[in-house]
Structures are given as C-alpha cells and as structure tokens.
$ cat protein.cif   # mmCIF, C-alpha atoms and all ligand atoms
data_final
loop_
_atom_site.label_atom_id
_atom_site.label_comp_id
_atom_site.auth_asym_id
_atom_site.auth_seq_id
_atom_site.Cartn_x
_atom_site.Cartn_y
_atom_site.Cartn_z
CA MET A 1 -89.86 17.46 70.66
CA LYS A 2 -92.03 19.72 72.78
CA TYR A 3 -90.68 22.81 74.52
CA LYS A 4 -91.54 21.31 77.90
CA GLU A 5 -88.77 18.76 77.27
CA LEU A 6 -86.25 21.55 76.71
CA TYR A 7 -86.89 23.89 79.63
CA ASP A 8 -86.80 23.40 83.37
CA GLU A 9 -90.07 23.61 85.27
CA ASP A 10 -89.08 26.80 87.10
CA PHE A 11 -88.29 28.54 83.82
CA LEU A 12 -91.66 27.50 82.36
CA ASP A 13 -93.34 28.80 85.53
CA LYS A 14 -92.25 32.31 84.54
CA PHE A 15 -94.83 32.22 81.73
CA GLY A 16 -97.64 32.12 84.30
CA GLU A 17 -101.02 31.58 82.63
CA HIS A 18 -99.28 30.95 79.30
CA LYS A 19 -97.12 28.12 80.66
CA ASP A 20 -99.12 25.28 79.08
CA THR A 21 -99.31 26.90 75.66
CA VAL A 22 -95.57 27.52 75.63
CA SER A 23 -94.83 24.02 77.00
CA ASN A 24 -96.76 22.40 74.18
CA LEU A 25 -95.04 24.22 71.31
CA GLU A 26 -93.06 21.91 69.03
CA LEU A 27 -89.41 22.34 68.14
CA GLY A 28 -90.12 21.10 64.62
CA ASN A 29 -87.32 19.78 62.43
CA ASN A 30 -84.68 22.40 63.08
CA GLN A 31 -82.78 23.41 66.20
CA GLN A 32 -84.16 26.94 66.41
CA ILE A 33 -86.44 28.13 69.17
CA ASN A 34 -89.36 29.87 67.55
CA VAL A 35 -89.44 33.14 69.47
CA GLN A 36 -92.35 34.47 67.45
CA SER A 37 -94.50 31.46 68.36
CA ILE A 38 -93.58 31.95 72.00
CA ALA A 39 -94.57 35.63 71.81
CA GLU A 40 -97.83 34.62 70.17
CA ALA A 41 -98.46 32.01 72.88
CA CYS A 42 -98.11 34.82 75.44
CA GLY A 43 -100.53 37.10 73.60
CA ILE A 44 -97.75 39.43 72.48
CA THR A 45 -97.72 41.05 69.04
CA VAL A 46 -94.33 41.32 67.33
CA LYS A 47 -93.83 44.04 64.72
CA PHE A 48 -90.81 44.95 62.61
CA ASP A 49 -90.07 48.57 61.84
CA THR A 50 -87.27 51.07 61.45
CA VAL A 51 -86.73 52.03 65.06
CA GLU A 52 -84.04 53.41 67.29
CA HIS A 53 -82.21 50.78 69.39
CA SER A 54 -82.65 47.05 68.76
CA GLY A 55 -86.26 47.09 69.78
CA TRP A 56 -88.65 47.87 72.57
CA SER A 57 -91.81 46.66 74.22
CA ILE A 58 -94.84 48.10 75.92
CA ASN A 59 -96.36 46.40 78.91
CA SER A 60 -99.25 48.52 79.97
CA ASP A 61 -100.77 48.58 83.44
CA GLU A 62 -103.98 50.27 82.30
CA ASP A 63 -104.63 48.07 79.32
CA GLU A 64 -103.82 44.39 79.88
CA ASN A 65 -104.25 43.75 76.17
CA THR A 66 -101.47 46.05 75.06
CA LYS A 67 -98.52 43.75 74.78
CA GLU A 68 -96.42 44.70 71.87
CA ILE A 69 -92.81 44.24 70.80
CA ILE A 70 -91.27 46.39 68.09
CA ILE A 71 -88.09 45.02 66.52
CA ASN A 72 -85.52 46.89 64.47
CA GLU A 73 -86.05 45.51 60.97
CA LEU A 74 -82.53 46.45 59.88
CA GLU A 75 -80.66 44.24 62.32
CA PRO A 76 -79.52 40.69 61.47
CA GLU A 77 -81.98 37.90 62.22
CA TYR A 78 -79.95 36.30 65.03
CA ARG A 79 -79.91 39.65 66.84
CA GLN A 80 -83.64 40.23 66.23
CA ARG A 81 -84.32 36.80 67.72
CA PHE A 82 -82.34 37.63 70.86
CA THR A 83 -84.12 40.98 71.13
CA ILE A 84 -87.54 39.32 70.84
CA GLY A 85 -86.53 36.95 73.65
CA HIS A 86 -85.27 39.91 75.68
CA GLU A 87 -88.52 41.84 75.27
CA ILE A 88 -90.65 38.75 76.03
CA GLY A 89 -88.57 38.61 79.21
CA HIS A 90 -89.47 42.16 80.20
CA ILE A 91 -93.16 41.38 79.67
CA VAL A 92 -93.42 37.99 81.40
CA LEU A 93 -91.16 39.10 84.26
CA GLY A 94 -93.56 41.96 84.82
CA HIS A 95 -91.29 44.92 84.08
CA LYS A 96 -93.81 47.67 83.57
CA GLY A 97 -93.80 50.46 81.07
CA LYS A 98 -91.69 50.87 77.99
CA SER A 99 -88.52 48.79 77.85
CA TYR A 100 -85.96 48.89 75.13
CA ARG A 101 -82.80 47.06 74.26
CA THR A 102 -79.50 48.64 73.37
CA SER A 103 -75.92 47.50 73.83
CA ASP A 104 -75.07 50.85 75.43
CA MET A 105 -75.59 50.21 79.15
CA THR A 106 -74.94 53.86 80.04
CA LYS A 107 -78.37 54.59 78.54
CA TYR A 108 -79.96 52.95 81.56
CA ILE A 109 -80.05 55.68 84.10
CA ASP A 110 -81.00 53.90 87.25
CA THR A 111 -80.03 50.69 89.01
CA LEU A 112 -83.48 49.12 88.69
CA ALA A 113 -83.47 49.65 84.92
CA ARG A 114 -80.03 48.07 84.66
CA MET A 115 -81.13 45.16 86.82
CA HIS A 116 -84.12 44.61 84.57
CA GLU A 117 -81.81 44.65 81.56
CA VAL A 118 -79.64 41.91 83.02
CA GLU A 119 -82.74 39.87 83.90
CA ALA A 120 -84.15 40.25 80.39
CA ASN A 121 -80.81 39.22 78.84
CA ASN A 122 -80.55 36.16 81.06
CA PHE A 123 -84.14 35.26 80.24
CA SER A 124 -83.48 35.54 76.52
CA ALA A 125 -80.31 33.44 76.71
CA GLU A 126 -82.19 30.68 78.48
CA LEU A 127 -85.14 31.01 76.10
CA ILE A 128 -83.29 30.76 72.79
CA MET A 129 -80.46 28.55 74.09
CA PRO A 130 -82.03 26.10 76.56
CA LYS A 131 -79.41 23.86 78.18
CA ARG A 132 -80.74 20.63 76.69
CA LEU A 133 -80.88 22.06 73.19
CA VAL A 134 -77.34 23.45 73.47
CA TRP A 135 -76.05 20.03 74.54
CA ASN A 136 -77.94 18.22 71.77
CA VAL A 137 -76.69 20.56 69.08
CA LEU A 138 -73.10 20.51 70.33
CA LEU A 139 -73.03 16.70 70.44
CA GLU A 140 -74.55 16.50 66.96
CA THR A 141 -71.92 18.98 65.72
CA VAL A 142 -69.12 17.00 67.40
CA ASP A 143 -70.22 13.95 65.39
CA GLU A 144 -70.64 15.87 62.15
CA LEU A 145 -67.18 17.43 62.39
CA GLU A 146 -65.84 13.95 63.15
CA TYR A 147 -64.49 14.74 66.55
CA SER A 148 -64.84 12.17 69.29
CA ARG A 149 -67.32 12.76 72.11
CA THR A 150 -64.72 11.64 74.63
CA GLN A 151 -61.74 13.67 73.44
CA ASN A 152 -60.43 16.93 74.89
CA PHE A 153 -61.15 20.08 72.95
CA ASP A 154 -58.75 22.99 72.64
CA ASP A 155 -59.86 26.60 72.19
CA GLN A 156 -59.79 26.32 68.42
CA ASP A 157 -61.99 23.20 68.44
CA ILE A 158 -64.43 24.86 70.82
CA GLN A 159 -64.58 27.96 68.62
CA LYS A 160 -65.35 25.80 65.60
CA LEU A 161 -68.03 23.80 67.43
CA ILE A 162 -69.66 27.02 68.62
CA LYS A 163 -69.59 28.56 65.13
CA TYR A 164 -71.39 25.59 63.54
CA SER A 165 -73.80 25.15 66.43
CA ALA A 166 -74.69 28.86 66.51
CA GLU A 167 -75.67 28.67 62.83
CA LYS A 168 -77.95 25.72 63.48
CA MET A 169 -79.62 27.48 66.39
CA LYS A 170 -79.69 30.83 64.60
CA VAL A 171 -78.02 32.66 67.47
CA SER A 172 -74.84 34.71 67.42
CA GLU A 173 -71.51 33.00 68.03
CA GLN A 174 -70.88 35.45 70.84
CA ALA A 175 -74.19 34.67 72.59
CA LEU A 176 -73.63 30.92 72.32
CA GLY A 177 -70.03 31.37 73.48
CA TYR A 178 -71.23 33.03 76.70
CA ARG A 179 -73.94 30.45 77.18
CA VAL A 180 -71.55 27.53 76.76
CA LYS A 181 -69.25 29.14 79.30
CA ASN A 182 -72.10 29.65 81.77
CA LEU A 183 -73.29 26.09 81.32
CA LYS A 184 -69.71 24.87 81.86
CA VAL A 185 -69.92 22.60 78.84
CA PHE A 186 -66.19 22.41 78.30
CA ILE A 187 -64.35 22.28 81.57
CA ASP A 188 -60.69 21.60 81.20
CA GLU A 189 -59.42 22.93 84.53
ZN ZN B 1 -84.45 45.80 77.84
#

$ encode --input "protein.cif" --output "structure tokens"
Amino acid sequence: MKYKELYDEDFLDKFGEHKDTVSNLELGNNQQINVQSIAEACGITVKFDTVEHSGWSINSDEDENTKEIIINELEPEYRQRFTIGHEIGHIVLGHKGKSYRTSDMTKYIDTLARMHEVEANNFSAELIMPKRLVWNVLLETVDELEYSRTQNFDDQDIQKLIKYSAEKMKVSEQALGYRVKNLKVFIDE
C-alpha cells in the first residue's frame, strides 16, 4: 500500500515539492509509518545523538540545504519516532529557526512558539497514525483478539485493543489513545 492511500490530499499538500515522493512511499509488510523514509523524501537528515530534550531541528533561511533533525538516542523508539514526525512538521510547516521538542510546555516562552508546538504535535500524530491505518490496525486487532466487529467495547476492551495496536504501529499507547479519541473511533454516547 502506498502512502497516498493512507493520507488525505490536504495533508499530503503540506509536503509541497516533496508531495509526490512521500505519496509514493510504500507501507511495506508492517503497520509502521517509516518516518526516516519520509524525512529522507523531504531532503532532511536525521541524526541520533546524546542531546538535551527529545530532539530538535534546524530549518535555515540562509541555507536551504540545511535541514537536519537531531534525535535523543537514549529515548525509546516509539518516542523517537514521534519526535521525528514532530520535527518534520516544524520543517514542512515552515517554522523557521531551531525548534526542539520537550514535554515541558513552560519552556516555550511565547505564544507563537507554543502554537508551533501544538501544530507540530498534531502533524506528527497524523503522520505516524493516519486515520485509515489506525482503522485497519484496530479492525485487524479486533479479529485477532476474537472480538466481534459489531459488538460494543467497554473501557477495558478499548485499552486492550489500543495496547496491541500501538505495538503493531510502534507508537506509544498514550499517543494512540489520544488519536483514537480524536478520530472518535469508539463512540458509545
Ligand atoms: Zn517542537
């Protein structure tokens, strides 16, 4: 399956001149979005190092070729993947300068910086957990755990489905939990 089948057109438009390259990437035989291939498709270099925060990126105005993401090599892989998505977001959304990711929002001194943080987080969530992929993986997991696709799920069932699905997608349970809520996958009201 190609990435263009997973993302909406308006999300792919955010990649600008790199849209076609990203659209034609292949999902391969797992359910994990390859964030490093996406970075590569956008001409961004990803490096791993011992750094402060989760990672940061440089998007230079003077030198168009300087597009670099540095990721904290000590953090778990699912978090590194989200951070890569977050930093790709800063770059393709045109946030200039040096951007970093930390869970401490008080570190962002001004409103614009905080707004950019929220935008980069939303971008990353959509990038590594596209709606169609989330649905596919959840349905597959429903079958594997021998639930019925037409039954009602209680909180415990949902938690279990999210845990298994998050592993398959190599994202954190927490991130997938938020995403599933936002996508209104399980509506029982
Ligand atoms: Zn950031």

$ residues_around --input "protein.cif" --residues "Trp56 in chain A" --least-positions-apart "6" --cutoff "12 Å" --atoms "all atoms listed in the file" --output "CSV table (one decimal) with C-alpha atoms, in the coordinates of the input"
chain,number,residue,atom,x,y,z
A,45,THR,CA,-97.7,41.0,69.0
A,46,VAL,CA,-94.3,41.3,67.3
A,47,LYS,CA,-93.8,44.0,64.7
A,48,PHE,CA,-90.8,45.0,62.6
A,49,ASP,CA,-90.1,48.6,61.8
A,50,THR,CA,-87.3,51.1,61.4
A,67,LYS,CA,-98.5,43.8,74.8
A,68,GLU,CA,-96.4,44.7,71.9
A,69,ILE,CA,-92.8,44.2,70.8
A,70,ILE,CA,-91.3,46.4,68.1
A,71,ILE,CA,-88.1,45.0,66.5
A,72,ASN,CA,-85.5,46.9,64.5
A,80,GLN,CA,-83.6,40.2,66.2
A,83,THR,CA,-84.1,41.0,71.1
A,84,ILE,CA,-87.5,39.3,70.8
A,85,GLY,CA,-86.5,37.0,73.6
A,86,HIS,CA,-85.3,39.9,75.7
A,87,GLU,CA,-88.5,41.8,75.3
A,88,ILE,CA,-90.6,38.8,76.0
A,89,GLY,CA,-88.6,38.6,79.2
A,90,HIS,CA,-89.5,42.2,80.2
A,91,ILE,CA,-93.2,41.4,79.7
A,97,GLY,CA,-93.8,50.5,81.1
A,98,LYS,CA,-91.7,50.9,78.0
A,99,SER,CA,-88.5,48.8,77.8
A,100,TYR,CA,-86.0,48.9,75.1
A,101,ARG,CA,-82.8,47.1,74.3
A,102,THR,CA,-79.5,48.6,73.4
A,117,GLU,CA,-81.8,44.6,81.6
A,120,ALA,CA,-84.2,40.2,80.4

$ closest_residue --input "protein.cif" --among "A:Asn136, A:Ser124, A:Thr141, A:Gln159" --to "ligand ZN 1 (chain B)" --atoms "only C-alpha atoms and all ligand atoms"
A:Ser124

$ atom_distance --input "protein.cif" --atom1 "CA of Leu161 in chain A" --atom2 "CA of Ala125 in chain A"
18.2 Å

$ closest_residue --input "protein.cif" --among "A:Glu173, A:Glu119, A:Asp143, A:Asp155" --to "ligand ZN 1 (chain B)" --atoms "only C-alpha atoms and all ligand atoms"
A:Glu119

$ residues_around --input "protein.cif" --residues "Val180 in chain A" --least-positions-apart "6" --cutoff "10 Å" --atoms "only C-alpha atoms" --output "list in words"
Met129, Lys131, Val134, Trp135, Leu138, Ile158, Ile162, Gln174 and Phe186 of chain A

$ residues_around --input "protein.cif" --residues "Tyr3 in chain A" --least-positions-apart "5" --cutoff "7 Å" --atoms "all atoms listed in the file" --output "compact mmCIF listing (two decimals) with C-alpha atoms, keeping the file's coordinate frame"
# COMPACT_ATOMS: atom_id res chain seq x y z
CA VAL A 22 -95.57 27.52 75.63
CA SER A 23 -94.83 24.02 77.00
CA ASN A 24 -96.76 22.40 74.18
CA LEU A 25 -95.04 24.22 71.31
CA GLU A 26 -93.06 21.91 69.03
CA LEU A 27 -89.41 22.34 68.14

$ residues_around --input "protein.cif" --residues "His18 in chain A" --least-positions-apart "2" --cutoff "12 Å" --atoms "only C-alpha atoms" --output "ChimeraX atom specification"
/A:12-16,20-25,37-44,92

$ write_last_selection --input "protein.cif" --atoms "C-alpha atoms" --output "JSON list (two decimals), in the frame of the given file"
[["chain", "number", "residue", "atom", "x", "y", "z"],
["A", 12, "LEU", "CA", -91.66, 27.50, 82.36],
["A", 13, "ASP", "CA", -93.34, 28.80, 85.53],
["A", 14, "LYS", "CA", -92.25, 32.31, 84.54],
["A", 15, "PHE", "CA", -94.83, 32.22, 81.73],
["A", 16, "GLY", "CA", -97.64, 32.12, 84.30],
["A", 20, "ASP", "CA", -99.12, 25.28, 79.08],
["A", 21, "THR", "CA", -99.31, 26.90, 75.66],
["A", 22, "VAL", "CA", -95.57, 27.52, 75.63],
["A", 23, "SER", "CA", -94.83, 24.02, 77.00],
["A", 24, "ASN", "CA", -96.76, 22.40, 74.18],
["A", 25, "LEU", "CA", -95.04, 24.22, 71.31],
["A", 37, "SER", "CA", -94.50, 31.46, 68.36],
["A", 38, "ILE", "CA", -93.58, 31.95, 72.00],
["A", 39, "ALA", "CA", -94.57, 35.63, 71.81],
["A", 40, "GLU", "CA", -97.83, 34.62, 70.17],
["A", 41, "ALA", "CA", -98.46, 32.01, 72.88],
["A", 42, "CYS", "CA", -98.11, 34.82, 75.44],
["A", 43, "GLY", "CA", -100.53, 37.10, 73.60],
["A", 44, "ILE", "CA", -97.75, 39.43, 72.48],
["A", 92, "VAL", "CA", -93.42, 37.99, 81.40]]

$ atom_distance --input "protein.cif" --atom1 "CA of Thr111 in chain A" --atom2 "CA of Ser57 in chain A"
19.3 Å

$ atom_distance --input "protein.cif" --atom1 "CA of Leu74 in chain A" --atom2 "CA of Leu127 in chain A"
22.5 Å

$ residues_near_point --input "protein.cif" --point "(-83.9, 28.6, 80.7)" --cutoff "6 Å" --atoms "only C-alpha atoms" --output "PyMOL selection string"
chain A and resi 7+11+126-127+130

$ closest_residue --input "protein.cif" --among "A:Thr150, A:Val185, A:Pro76, A:Asn59" --to "ligand ZN 1 (chain B)" --atoms "all atoms listed in the file"
A:Asn59

$ decode --input "protein.cif" --residues "range 2-98 of chain A" --atoms "C-alpha atoms" --output "PDB file, in the first residue's frame"
ATOM      1  CA  LYS A   2       1.305   3.423  -0.934  1.00  0.00           C
ATOM      2  CA  TYR A   3       1.268   6.355   1.474  1.00  0.00           C
ATOM      3  CA  LYS A   4      -1.061   8.261  -0.841  1.00  0.00           C
ATOM      4  CA  GLU A   5      -3.747   5.701   0.051  1.00  0.00           C
ATOM      5  CA  LEU A   6      -3.288   6.436   3.753  1.00  0.00           C
ATOM      6  CA  TYR A   7      -3.295  10.228   3.886  1.00  0.00           C
ATOM      7  CA  ASP A   8      -5.804  12.833   2.811  1.00  0.00           C
ATOM      8  CA  GLU A   9      -4.895  15.074  -0.101  1.00  0.00           C
ATOM      9  CA  ASP A  10      -4.730  18.210   2.059  1.00  0.00           C
ATOM     10  CA  PHE A  11      -2.280  16.537   4.437  1.00  0.00           C
ATOM     11  CA  LEU A  12      -0.061  15.449   1.523  1.00  0.00           C
ATOM     12  CA  ASP A  13      -0.197  19.019   0.185  1.00  0.00           C
ATOM     13  CA  LYS A  14       1.737  20.131   3.262  1.00  0.00           C
ATOM     14  CA  PHE A  15       4.823  18.401   1.834  1.00  0.00           C
ATOM     15  CA  GLY A  16       4.901  20.886  -1.049  1.00  0.00           C
ATOM     16  CA  GLU A  17       7.520  19.937  -3.640  1.00  0.00           C
ATOM     17  CA  HIS A  18       8.098  16.629  -1.841  1.00  0.00           C
ATOM     18  CA  LYS A  19       4.446  15.569  -2.048  1.00  0.00           C
ATOM     19  CA  ASP A  20       4.903  13.040  -4.868  1.00  0.00           C
ATOM     20  CA  THR A  21       7.938  11.381  -3.304  1.00  0.00           C
ATOM     21  CA  VAL A  22       6.137  10.987   0.016  1.00  0.00           C
ATOM     22  CA  SER A  23       2.916   9.823  -1.700  1.00  0.00           C
ATOM     23  CA  ASN A  24       4.759   7.041  -3.481  1.00  0.00           C
ATOM     24  CA  LEU A  25       6.471   5.559  -0.418  1.00  0.00           C
ATOM     25  CA  GLU A  26       5.338   2.019   0.365  1.00  0.00           C
ATOM     26  CA  LEU A  27       3.986   0.865   3.703  1.00  0.00           C
ATOM     27  CA  GLY A  28       5.745  -2.477   3.269  1.00  0.00           C
ATOM     28  CA  ASN A  29       4.652  -5.511   5.247  1.00  0.00           C
ATOM     29  CA  ASN A  30       4.239  -3.967   8.664  1.00  0.00           C
ATOM     30  CA  GLN A  31       1.889  -1.310  10.005  1.00  0.00           C
ATOM     31  CA  GLN A  32       4.574   1.232  10.867  1.00  0.00           C
ATOM     32  CA  ILE A  33       4.961   4.537   9.086  1.00  0.00           C
ATOM     33  CA  ASN A  34       8.596   4.887   8.144  1.00  0.00           C
ATOM     34  CA  VAL A  35       9.372   8.350   9.477  1.00  0.00           C
ATOM     35  CA  GLN A  36      13.003   8.144   8.408  1.00  0.00           C
ATOM     36  CA  SER A  37      11.997   7.479   4.788  1.00  0.00           C
ATOM     37  CA  ILE A  38       9.623  10.425   4.945  1.00  0.00           C
ATOM     38  CA  ALA A  39      12.401  12.664   6.286  1.00  0.00           C
ATOM     39  CA  GLU A  40      14.673  11.432   3.516  1.00  0.00           C
ATOM     40  CA  ALA A  41      11.965  12.103   0.912  1.00  0.00           C
ATOM     41  CA  CYS A  42      11.878  15.699   2.179  1.00  0.00           C
ATOM     42  CA  GLY A  43      15.646  16.110   1.983  1.00  0.00           C
ATOM     43  CA  ILE A  44      16.009  16.080   5.765  1.00  0.00           C
ATOM     44  CA  THR A  45      18.926  14.367   7.506  1.00  0.00           C
ATOM     45  CA  VAL A  46      18.113  12.523  10.741  1.00  0.00           C
ATOM     46  CA  LYS A  47      20.897  12.022  13.290  1.00  0.00           C
ATOM     47  CA  PHE A  48      20.895  10.335  16.681  1.00  0.00           C
ATOM     48  CA  ASP A  49      22.977  11.749  19.496  1.00  0.00           C
ATOM     49  CA  THR A  50      23.002  12.379  23.218  1.00  0.00           C
ATOM     50  CA  VAL A  51      21.129  15.659  23.338  1.00  0.00           C
ATOM     51  CA  GLU A  52      19.055  17.683  25.727  1.00  0.00           C
ATOM     52  CA  HIS A  53      15.266  17.389  25.198  1.00  0.00           C
ATOM     53  CA  SER A  54      13.768  14.761  22.883  1.00  0.00           C
ATOM     54  CA  GLY A  55      15.290  16.289  19.820  1.00  0.00           C
ATOM     55  CA  TRP A  56      15.493  19.394  17.720  1.00  0.00           C
ATOM     56  CA  SER A  57      15.674  20.574  14.147  1.00  0.00           C
ATOM     57  CA  ILE A  58      17.262  23.355  12.165  1.00  0.00           C
ATOM     58  CA  ASN A  59      15.422  24.969   9.303  1.00  0.00           C
ATOM     59  CA  SER A  60      17.692  27.627   7.969  1.00  0.00           C
ATOM     60  CA  ASP A  61      16.583  30.658   5.991  1.00  0.00           C
ATOM     61  CA  GLU A  62      20.064  31.413   4.675  1.00  0.00           C
ATOM     62  CA  ASP A  63      20.929  27.911   3.607  1.00  0.00           C
ATOM     63  CA  GLU A  64      18.039  25.998   2.043  1.00  0.00           C
ATOM     64  CA  ASN A  65      20.091  22.809   2.204  1.00  0.00           C
ATOM     65  CA  THR A  66      20.432  22.774   5.963  1.00  0.00           C
ATOM     66  CA  LYS A  67      17.578  20.600   7.057  1.00  0.00           C
ATOM     67  CA  GLU A  68      18.603  18.492   9.941  1.00  0.00           C
ATOM     68  CA  ILE A  69      16.873  16.672  12.781  1.00  0.00           C
ATOM     69  CA  ILE A  70      18.785  15.546  15.853  1.00  0.00           C
ATOM     70  CA  ILE A  71      17.077  12.877  17.961  1.00  0.00           C
ATOM     71  CA  ASN A  72      17.847  11.891  21.533  1.00  0.00           C
ATOM     72  CA  GLU A  73      19.407   8.448  21.148  1.00  0.00           C
ATOM     73  CA  LEU A  74      18.543   7.472  24.720  1.00  0.00           C
ATOM     74  CA  GLU A  75      14.774   7.683  24.378  1.00  0.00           C
ATOM     75  CA  PRO A  76      12.588   4.681  23.473  1.00  0.00           C
ATOM     76  CA  GLU A  77      11.992   4.077  19.773  1.00  0.00           C
ATOM     77  CA  TYR A  78       8.271   4.911  19.812  1.00  0.00           C
ATOM     78  CA  ARG A  79       9.094   8.314  21.312  1.00  0.00           C
ATOM     79  CA  GLN A  80      11.934   8.918  18.837  1.00  0.00           C
ATOM     80  CA  ARG A  81       9.510   8.165  16.013  1.00  0.00           C
ATOM     81  CA  PHE A  82       7.005  10.705  17.313  1.00  0.00           C
ATOM     82  CA  THR A  83       9.785  13.272  17.741  1.00  0.00           C
ATOM     83  CA  ILE A  84      10.992  12.726  14.162  1.00  0.00           C
ATOM     84  CA  GLY A  85       7.416  13.305  12.964  1.00  0.00           C
ATOM     85  CA  HIS A  86       7.184  16.397  15.157  1.00  0.00           C
ATOM     86  CA  GLU A  87      10.408  17.874  13.772  1.00  0.00           C
ATOM     87  CA  ILE A  88       9.445  17.037  10.159  1.00  0.00           C
ATOM     88  CA  GLY A  89       6.300  19.015  10.989  1.00  0.00           C
ATOM     89  CA  HIS A  90       8.269  22.079  12.046  1.00  0.00           C
ATOM     90  CA  ILE A  91      10.271  21.936   8.819  1.00  0.00           C
ATOM     91  CA  VAL A  92       7.483  21.306   6.293  1.00  0.00           C
ATOM     92  CA  LEU A  93       5.137  23.747   8.035  1.00  0.00           C
ATOM     93  CA  GLY A  94       7.830  26.359   7.619  1.00  0.00           C
ATOM     94  CA  HIS A  95       8.624  27.108  11.263  1.00  0.00           C
ATOM     95  CA  LYS A  96      11.953  28.853  10.947  1.00  0.00           C
ATOM     96  CA  GLY A  97      14.993  28.565  13.119  1.00  0.00           C
ATOM     97  CA  LYS A  98      15.799  25.998  15.740  1.00  0.00           C
TER      98      LYS A  98
END
